[in-house]
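Shown here: protein22.pdb, PDB, C-alpha atoms, pLDDT in the B column.
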```pdb
ATOM      1  CA  MET K 262      23.122  60.413 -69.661  1.00 65.00           C
ATOM      2  CA  ALA K 263      20.430  57.983 -68.593  1.00 68.00           C
ATOM      3  CA  PRO K 264      16.956  58.424 -70.034  1.00 71.00           C
ATOM      4  CA  THR K 265      14.498  59.959 -67.624  1.00 73.00           C
ATOM      5  CA  LYS K 266      11.272  58.230 -66.837  1.00 69.00           C
ATOM      6  CA  LYS K 267       8.213  60.152 -67.951  1.00 67.00           C
ATOM      7  CA  GLU K 268       5.168  60.038 -65.760  1.00 65.00           C
ATOM      8  CA  SER K 269       2.037  59.596 -67.744  1.00 61.00           C
ATOM      9  CA  LYS K 270      -1.268  60.675 -66.329  1.00 65.00           C
ATOM     10  CA  LYS K 271      -3.512  58.465 -68.374  1.00 61.00           C
ATOM     11  CA  THR K 272      -6.963  58.063 -66.917  1.00 60.00           C
ATOM     12  CA  THR K 273      -9.024  55.074 -67.885  1.00 58.00           C
ATOM     13  CA  ARG K 274     -12.679  55.560 -68.610  1.00 58.00           C
ATOM     14  CA  SER K 275     -15.189  53.464 -66.781  1.00 58.00           C
ATOM     15  CA  ALA K 276     -17.342  51.605 -69.286  1.00 57.00           C
ATOM     16  CA  VAL K 277     -19.939  50.884 -66.598  1.00 52.00           C
ATOM     17  CA  ASN K 278     -21.221  54.454 -66.841  1.00 63.00           C
ATOM     18  CA  ASP K 279     -21.340  54.291 -70.631  1.00 81.00           C
ATOM     19  CA  VAL K 280     -24.803  52.807 -71.077  1.00 90.00           C
ATOM     20  CA  VAL K 281     -25.759  54.045 -74.529  1.00 93.00           C
ATOM     21  CA  THR K 282     -27.945  53.165 -77.503  1.00 94.00           C
ATOM     22  CA  ARG K 283     -26.980  53.919 -81.108  1.00 95.00           C
ATOM     23  CA  ASP K 284     -28.441  53.253 -84.557  1.00 95.00           C
ATOM     24  CA  TYR K 285     -26.014  51.935 -87.168  1.00 95.00           C
ATOM     25  CA  THR K 286     -26.242  50.960 -90.811  1.00 95.00           C
ATOM     26  CA  ILE K 287     -24.225  47.828 -91.544  1.00 95.00           C
ATOM     27  CA  HIS K 288     -23.261  46.820 -95.058  1.00 95.00           C
ATOM     28  CA  LEU K 289     -23.724  43.066 -94.842  1.00 95.00           C
ATOM     29  CA  HIS K 290     -23.005  42.389 -98.505  1.00 96.00           C
ATOM     30  CA  LYS K 291     -19.308  43.102 -98.098  1.00 95.00           C
ATOM     31  CA  HIS K 292     -19.154  40.532 -95.286  1.00 95.00           C
ATOM     32  CA  VAL K 293     -20.972  37.741 -97.139  1.00 96.00           C
ATOM     33  CA  PHE K 294     -19.683  38.387-100.672  1.00 96.00           C
ATOM     34  CA  GLY K 295     -17.902  35.315-101.961  1.00 95.00           C
ATOM     35  CA  VAL K 296     -19.216  33.089 -99.176  1.00 95.00           C
ATOM     36  CA  GLN K 297     -20.785  29.754-100.061  1.00 96.00           C
ATOM     37  CA  PHE K 298     -24.573  30.119-100.473  1.00 96.00           C
ATOM     38  CA  LYS K 299     -25.503  27.727 -97.681  1.00 96.00           C
ATOM     39  CA  LYS K 300     -23.359  29.641 -95.197  1.00 96.00           C
ATOM     40  CA  ARG K 301     -24.385  33.232 -95.964  1.00 97.00           C
ATOM     41  CA  ALA K 302     -26.999  33.785 -93.244  1.00 97.00           C
ATOM     42  CA  PRO K 303     -24.887  32.219 -90.455  1.00 97.00           C
ATOM     43  CA  TRP K 304     -21.931  34.272 -91.701  1.00 97.00           C
ATOM     44  CA  ALA K 305     -24.085  37.430 -91.549  1.00 97.00           C
ATOM     45  CA  VAL K 306     -25.067  36.678 -87.940  1.00 97.00           C
ATOM     46  CA  LYS K 307     -21.395  36.326 -87.013  1.00 97.00           C
ATOM     47  CA  ALA K 308     -20.557  39.558 -88.866  1.00 97.00           C
ATOM     48  CA  ILE K 309     -23.252  41.451 -86.930  1.00 97.00           C
ATOM     49  CA  LYS K 310     -21.934  40.097 -83.631  1.00 97.00           C
ATOM     50  CA  GLN K 311     -18.394  41.101 -84.564  1.00 97.00           C
ATOM     51  CA  PHE K 312     -19.586  44.575 -85.654  1.00 96.00           C
ATOM     52  CA  ALA K 313     -21.439  45.122 -82.357  1.00 96.00           C
ATOM     53  CA  SER K 314     -18.499  43.880 -80.311  1.00 96.00           C
ATOM     54  CA  LYS K 315     -16.124  46.221 -82.114  1.00 95.00           C
ATOM     55  CA  HIS K 316     -18.313  49.322 -81.890  1.00 94.00           C
ATOM     56  CA  MET K 317     -19.566  48.842 -78.326  1.00 94.00           C
ATOM     57  CA  GLY K 318     -16.437  47.312 -76.808  1.00 93.00           C
ATOM     58  CA  THR K 319     -18.215  44.338 -75.224  1.00 93.00           C
ATOM     59  CA  LYS K 320     -17.525  40.655 -75.691  1.00 94.00           C
ATOM     60  CA  ASP K 321     -21.051  39.595 -74.732  1.00 94.00           C
ATOM     61  CA  VAL K 322     -23.336  40.339 -77.717  1.00 96.00           C
ATOM     62  CA  ARG K 323     -26.979  39.241 -77.779  1.00 96.00           C
ATOM     63  CA  LEU K 324     -29.238  39.302 -80.836  1.00 97.00           C
ATOM     64  CA  ASP K 325     -32.945  40.050 -80.811  1.00 97.00           C
ATOM     65  CA  PRO K 326     -35.077  37.195 -82.223  1.00 97.00           C
ATOM     66  CA  GLN K 327     -36.743  39.671 -84.625  1.00 97.00           C
ATOM     67  CA  LEU K 328     -33.308  40.581 -86.008  1.00 97.00           C
ATOM     68  CA  ASN K 329     -32.610  36.897 -86.584  1.00 97.00           C
ATOM     69  CA  LYS K 330     -35.915  36.560 -88.449  1.00 97.00           C
ATOM     70  CA  GLU K 331     -35.081  39.616 -90.553  1.00 96.00           C
ATOM     71  CA  ILE K 332     -31.711  38.126 -91.567  1.00 96.00           C
ATOM     72  CA  TRP K 333     -33.243  34.762 -92.450  1.00 97.00           C
ATOM     73  CA  LYS K 334     -36.528  35.971 -94.015  1.00 96.00           C
ATOM     74  CA  MET K 335     -35.335  35.526 -97.632  1.00 95.00           C
ATOM     75  CA  GLY K 336     -33.589  32.244 -96.889  1.00 96.00           C
ATOM     76  CA  VAL K 337     -30.061  31.134 -96.152  1.00 96.00           C
ATOM     77  CA  LYS K 338     -28.499  32.519 -99.317  1.00 93.00           C
ATOM     78  CA  ALA K 339     -30.359  35.810 -99.849  1.00 95.00           C
ATOM     79  CA  VAL K 340     -29.154  38.023 -97.005  1.00 96.00           C
ATOM     80  CA  PRO K 341     -30.131  41.735 -97.173  1.00 95.00           C
ATOM     81  CA  HIS K 342     -27.346  43.944 -98.532  1.00 95.00           C
ATOM     82  CA  ARG K 343     -27.724  46.585 -95.819  1.00 94.00           C
ATOM     83  CA  MET K 344     -29.502  46.627 -92.488  1.00 95.00           C
ATOM     84  CA  ARG K 345     -30.306  49.268 -89.927  1.00 95.00           C
ATOM     85  CA  LEU K 346     -29.356  48.092 -86.436  1.00 96.00           C
ATOM     86  CA  ARG K 347     -30.011  49.482 -82.963  1.00 96.00           C
ATOM     87  CA  ILE K 348     -27.210  48.465 -80.621  1.00 96.00           C
ATOM     88  CA  ALA K 349     -27.713  49.086 -76.906  1.00 96.00           C
ATOM     89  CA  ARG K 350     -24.929  48.692 -74.370  1.00 95.00           C
ATOM     90  CA  LYS K 351     -26.529  47.592 -71.105  1.00 94.00           C
ATOM     91  CA  ARG K 352     -25.453  46.608 -67.603  1.00 93.00           C
ATOM     92  CA  ASN K 353     -25.274  42.902 -66.872  1.00 91.00           C
ATOM     93  CA  ASP K 354     -27.203  42.271 -63.645  1.00 90.00           C
ATOM     94  CA  GLU K 355     -26.735  38.511 -63.550  1.00 87.00           C
ATOM     95  CA  GLU K 356     -25.020  37.075 -60.484  1.00 87.00           C
ATOM     96  CA  GLY K 357     -22.174  35.087 -62.051  1.00 86.00           C
ATOM     97  CA  ALA K 358     -21.572  37.371 -65.015  1.00 86.00           C
ATOM     98  CA  LYS K 359     -18.037  37.521 -66.384  1.00 90.00           C
ATOM     99  CA  GLU K 360     -18.596  40.862 -68.113  1.00 90.00           C
ATOM    100  CA  LYS K 361     -20.090  44.008 -66.553  1.00 92.00           C
ATOM    101  CA  LEU K 362     -21.752  45.084 -69.792  1.00 94.00           C
ATOM    102  CA  TYR K 363     -23.401  43.422 -72.755  1.00 94.00           C
ATOM    103  CA  SER K 364     -24.632  44.616 -76.146  1.00 96.00           C
ATOM    104  CA  TYR K 365     -28.184  43.981 -77.333  1.00 97.00           C
ATOM    105  CA  VAL K 366     -28.678  44.215 -81.100  1.00 97.00           C
ATOM    106  CA  SER K 367     -32.112  44.719 -82.644  1.00 97.00           C
ATOM    107  CA  HIS K 368     -33.473  45.574 -86.076  1.00 96.00           C
ATOM    108  CA  VAL K 369     -34.782  49.062 -86.918  1.00 94.00           C
ATOM    109  CA  PRO K 370     -37.569  48.766 -89.493  1.00 93.00           C
ATOM    110  CA  GLY K 371     -37.688  51.369 -92.223  1.00 89.00           C
ATOM    111  CA  GLU K 372     -38.255  51.980 -95.908  1.00 85.00           C
ATOM    112  CA  THR K 373     -34.651  52.530 -96.907  1.00 88.00           C
ATOM    113  CA  VAL K 374     -31.239  52.568 -95.267  1.00 86.00           C
ATOM    114  CA  LYS K 375     -29.494  54.771 -97.816  1.00 85.00           C
ATOM    115  CA  GLY K 376     -28.044  58.035 -96.546  1.00 85.00           C
ATOM    116  CA  LEU K 377     -28.633  57.262 -92.860  1.00 88.00           C
ATOM    117  CA  HIS K 378     -25.759  57.872 -90.494  1.00 90.00           C
ATOM    118  CA  THR K 379     -24.959  56.658 -87.019  1.00 90.00           C
ATOM    119  CA  THR K 380     -27.181  58.362 -84.475  1.00 90.00           C
ATOM    120  CA  VAL K 381     -27.362  58.264 -80.685  1.00 91.00           C
ATOM    121  CA  VAL K 382     -30.808  57.249 -79.458  1.00 89.00           C
ATOM    122  CA  GLU K 383     -32.081  58.985 -76.350  1.00 79.00           C
ATOM    123  CA  ALA K 384     -33.516  56.485 -73.895  1.00 64.00           C
TER     124      ALA K 384
END
```

Would you mind writing the structure in this file as structure tokens?
Amino acid sequence: MAPTKKESKKTTRSAVNDVVTRDYTIHLHKHVFGVQFKKRAPWAVKAIKQFASKHMGTKDVRLDPQLNKEIWKMGVKAVPHRMRLRIARKRNDEEGAKEKLYSYVSHVPGETVKGLHTTVVEA
């Protein structure tokens, strides 16, 4: 008996409608642990971009200049252990854009980051 072909009704979600903003806590220390001192801050920037790309599903990730200052404020080798990030998935309105969406990552100032969970921010 020949195997029968199953019809799958799998609908794909449109990411264009999924414009959302979330607050995350990222544990940077586990990404930069064991990395050479003079490469820790650049490594942390790459880890944040990778984190945002993974969680928002976009290849185009842009960092806020204030976030960059916050990463580098204690120097190249003293990166904060944890940071609170606000990642917004936005529509790309540029004419020759390859991607329809991009992620914009900014820093959320606060006293402590312990015990905070991922939250959806209402725009």

Handout entry: range 288-291 of chain K surroundings by all atoms listed in the file, 9 Å radius, close-in-sequence under 5 positions cut, as a PyMOL selection string
Key = chain K and resi 305+308-309+340-344

Could you save the residues just selected, with C-alpha atoms, as a short mmCIF file (atom, residue, chain, number, x, y, z; two decimals), keeping the file's coordinate frame?
```cif
data_model
loop_
_atom_site.label_atom_id
_atom_site.label_comp_id
_atom_site.auth_asym_id
_atom_site.auth_seq_id
_atom_site.Cartn_x
_atom_site.Cartn_y
_atom_site.Cartn_z
CA ALA K 305 -24.08 37.43 -91.55
CA ALA K 308 -20.56 39.56 -88.87
CA ILE K 309 -23.25 41.45 -86.93
CA VAL K 340 -29.15 38.02 -97.00
CA PRO K 341 -30.13 41.74 -97.17
CA HIS K 342 -27.35 43.94 -98.53
CA ARG K 343 -27.72 46.58 -95.82
CA MET K 344 -29.50 46.63 -92.49
#
```

Which residues are close to Thr319 in chain K, i.e. within 7 Å by only C-alpha atoms, leaving aside same-chain residues fewer than 4 positions away? Reply as a PDB file with C-alpha atoms, in the frame of the given file.
```
ATOM      1  CA  SER K 314     -18.499  43.880 -80.311  1.00 96.00           C
ATOM      2  CA  LEU K 362     -21.752  45.084 -69.792  1.00 94.00           C
ATOM      3  CA  TYR K 363     -23.401  43.422 -72.755  1.00 94.00           C
ATOM      4  CA  SER K 364     -24.632  44.616 -76.146  1.00 96.00           C
TER       5      SER K 364
END
```

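With distances restricted to only C-alpha atoms, K:Leu328 is the closest residue to Val369 in chain K from K:Met317, K:Val337, K:Leu328, K:Val382.
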
Using all atoms listed in the file, find all polymer residues with an atom at most 12 Å away from the point (-21.3, 36.6, -76.7); report them as a PDB file with C-alpha atoms, in the coordinates of the input.
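Saved result, out-v1.pdb, follows:
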```
ATOM      1  CA  VAL K 306     -25.067  36.678 -87.940  1.00 97.00           C
ATOM      2  CA  LYS K 307     -21.395  36.326 -87.013  1.00 97.00           C
ATOM      3  CA  ILE K 309     -23.252  41.451 -86.930  1.00 97.00           C
ATOM      4  CA  LYS K 310     -21.934  40.097 -83.631  1.00 97.00           C
ATOM      5  CA  GLN K 311     -18.394  41.101 -84.564  1.00 97.00           C
ATOM      6  CA  ALA K 313     -21.439  45.122 -82.357  1.00 96.00           C
ATOM      7  CA  SER K 314     -18.499  43.880 -80.311  1.00 96.00           C
ATOM      8  CA  GLY K 318     -16.437  47.312 -76.808  1.00 93.00           C
ATOM      9  CA  THR K 319     -18.215  44.338 -75.224  1.00 93.00           C
ATOM     10  CA  LYS K 320     -17.525  40.655 -75.691  1.00 94.00           C
ATOM     11  CA  ASP K 321     -21.051  39.595 -74.732  1.00 94.00           C
ATOM     12  CA  VAL K 322     -23.336  40.339 -77.717  1.00 96.00           C
ATOM     13  CA  ARG K 323     -26.979  39.241 -77.779  1.00 96.00           C
ATOM     14  CA  LEU K 324     -29.238  39.302 -80.836  1.00 97.00           C
ATOM     15  CA  ALA K 358     -21.572  37.371 -65.015  1.00 86.00           C
ATOM     16  CA  LYS K 359     -18.037  37.521 -66.384  1.00 90.00           C
ATOM     17  CA  GLU K 360     -18.596  40.862 -68.113  1.00 90.00           C
ATOM     18  CA  LEU K 362     -21.752  45.084 -69.792  1.00 94.00           C
ATOM     19  CA  TYR K 363     -23.401  43.422 -72.755  1.00 94.00           C
ATOM     20  CA  SER K 364     -24.632  44.616 -76.146  1.00 96.00           C
ATOM     21  CA  TYR K 365     -28.184  43.981 -77.333  1.00 97.00           C
ATOM     22  CA  VAL K 366     -28.678  44.215 -81.100  1.00 97.00           C
TER      23      VAL K 366
END
```

Practice task
For Arg345 in chain K, please output as number ranges by chain all residues within 12 Å (counting all atoms listed in the file; exclusion window: fewer than 6 positions along the same chain).
Solution key: K: 283-289, 309, 328, 331-332, 366-380

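CA of Glu356 in chain K is positioned 23.6 Å from CA of Thr282 in chain K.
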
Work out where the centre of an axis-aligned box around every listed atom of range 347-359 of chain K lies and how long its edges are once 8 Å is added on each side; give both in Å to one decimal as JSON.
```
{"center_x": -24.0, "center_y": 42.3, "center_z": -71.7, "size_x": 28.0, "size_y": 30.4, "size_z": 38.5}
```

Problem - One-decimal distance in Å that lies between CA of Pro326 in chain K and CA of Asp279 in chain K - result: 24.8 Å

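Put simply, CA of Val293 in chain K is 9.4 Å away from CA of Lys338 in chain K.
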
Take range 326-340 of chain K from the preceding structure and save all heavy atoms as a short mmCIF file (atom, residue, chain, number, x, y, z; two decimals), in the first residue's frame.
```cif
data_model
loop_
_atom_site.label_atom_id
_atom_site.label_comp_id
_atom_site.auth_asym_id
_atom_site.auth_seq_id
_atom_site.Cartn_x
_atom_site.Cartn_y
_atom_site.Cartn_z
N PRO K 326 22.00 55.04 20.87
CA PRO K 326 23.30 55.55 21.34
C PRO K 326 23.42 55.58 22.87
O PRO K 326 24.53 55.38 23.40
CB PRO K 326 23.34 56.97 20.77
CG PRO K 326 22.43 56.94 19.60
CD PRO K 326 21.36 55.95 19.93
N GLN K 327 22.32 55.79 23.59
CA GLN K 327 22.37 55.77 25.05
C GLN K 327 22.67 54.37 25.58
O GLN K 327 23.34 54.22 26.60
CB GLN K 327 21.05 56.28 25.64
CG GLN K 327 20.80 57.76 25.38
CD GLN K 327 21.89 58.64 25.97
OE1 GLN K 327 22.41 58.36 27.05
NE2 GLN K 327 22.24 59.68 25.25
N LEU K 328 22.18 53.35 24.89
CA LEU K 328 22.50 51.96 25.27
C LEU K 328 23.99 51.71 25.08
O LEU K 328 24.64 51.10 25.94
CB LEU K 328 21.68 50.98 24.43
CG LEU K 328 22.05 49.50 24.60
CD1 LEU K 328 21.77 49.03 26.01
CD2 LEU K 328 21.30 48.66 23.60
N ASN K 329 24.54 52.20 23.99
CA ASN K 329 25.97 52.04 23.73
C ASN K 329 26.79 52.72 24.83
O ASN K 329 27.76 52.16 25.32
CB ASN K 329 26.31 52.60 22.36
CG ASN K 329 27.66 52.13 21.88
OD1 ASN K 329 28.02 50.99 22.06
ND2 ASN K 329 28.40 53.04 21.28
N LYS K 330 26.37 53.90 25.24
CA LYS K 330 27.06 54.61 26.32
C LYS K 330 26.97 53.84 27.63
O LYS K 330 27.91 53.81 28.42
CB LYS K 330 26.48 56.01 26.51
CG LYS K 330 26.93 56.99 25.47
CD LYS K 330 26.40 58.37 25.78
CE LYS K 330 26.87 59.34 24.71
NZ LYS K 330 26.36 60.70 24.95
N GLU K 331 25.81 53.24 27.88
CA GLU K 331 25.61 52.47 29.11
C GLU K 331 26.51 51.23 29.15
O GLU K 331 27.02 50.87 30.20
CB GLU K 331 24.14 52.06 29.23
CG GLU K 331 23.73 51.58 30.57
CD GLU K 331 23.77 52.65 31.65
OE1 GLU K 331 23.59 53.83 31.36
OE2 GLU K 331 24.00 52.27 32.82
N ILE K 332 26.70 50.59 28.01
CA ILE K 332 27.58 49.42 27.94
C ILE K 332 29.03 49.83 28.19
O ILE K 332 29.76 49.17 28.94
CB ILE K 332 27.47 48.73 26.56
CG1 ILE K 332 26.08 48.15 26.36
CG2 ILE K 332 28.51 47.63 26.41
CD1 ILE K 332 25.80 47.70 24.95
N TRP K 333 29.44 50.95 27.61
CA TRP K 333 30.83 51.38 27.65
C TRP K 333 31.15 52.28 28.83
O TRP K 333 32.30 52.70 28.98
CB TRP K 333 31.17 52.12 26.36
CG TRP K 333 31.36 51.21 25.19
CD1 TRP K 333 30.39 50.71 24.38
CD2 TRP K 333 32.58 50.70 24.68
NE1 TRP K 333 30.93 49.92 23.41
CE2 TRP K 333 32.28 49.90 23.56
CE3 TRP K 333 33.92 50.84 25.07
CZ2 TRP K 333 33.26 49.24 22.83
CZ3 TRP K 333 34.89 50.19 24.33
CH2 TRP K 333 34.56 49.40 23.22
N LYS K 334 30.21 52.62 29.70
CA LYS K 334 30.45 53.65 30.72
C LYS K 334 31.53 53.27 31.73
O LYS K 334 32.19 54.14 32.26
CB LYS K 334 29.15 54.03 31.41
CG LYS K 334 28.77 53.24 32.61
CD LYS K 334 27.54 53.80 33.26
CE LYS K 334 27.04 52.83 34.29
NZ LYS K 334 25.77 53.21 34.83
N MET K 335 31.73 51.99 32.00
CA MET K 335 32.79 51.57 32.93
C MET K 335 34.04 51.09 32.21
O MET K 335 34.91 50.48 32.80
CB MET K 335 32.25 50.47 33.85
CG MET K 335 31.17 50.96 34.79
SD MET K 335 30.64 49.73 35.97
CE MET K 335 29.77 48.57 34.95
N GLY K 336 34.09 51.34 30.90
CA GLY K 336 35.28 50.97 30.14
C GLY K 336 35.06 49.72 29.32
O GLY K 336 33.99 49.12 29.32
N VAL K 337 36.10 49.34 28.60
CA VAL K 337 36.02 48.21 27.68
C VAL K 337 35.92 46.87 28.42
O VAL K 337 35.29 45.93 27.95
CB VAL K 337 37.19 48.22 26.68
CG1 VAL K 337 38.50 47.90 27.36
CG2 VAL K 337 36.95 47.29 25.52
N LYS K 338 36.53 46.79 29.61
CA LYS K 338 36.58 45.48 30.26
C LYS K 338 35.62 45.30 31.41
O LYS K 338 35.50 44.21 31.94
CB LYS K 338 38.00 45.18 30.72
CG LYS K 338 38.56 46.08 31.79
CD LYS K 338 39.97 45.63 32.12
CE LYS K 338 40.57 46.47 33.23
NZ LYS K 338 41.91 46.02 33.56
N ALA K 339 34.90 46.35 31.81
CA ALA K 339 33.97 46.24 32.94
C ALA K 339 32.54 46.43 32.44
O ALA K 339 31.92 47.47 32.63
CB ALA K 339 34.30 47.27 34.01
N VAL K 340 32.02 45.42 31.78
CA VAL K 340 30.66 45.45 31.25
C VAL K 340 29.68 45.10 32.38
O VAL K 340 29.99 44.22 33.20
CB VAL K 340 30.54 44.44 30.09
CG1 VAL K 340 29.13 44.36 29.55
CG2 VAL K 340 31.50 44.81 28.98
#
```
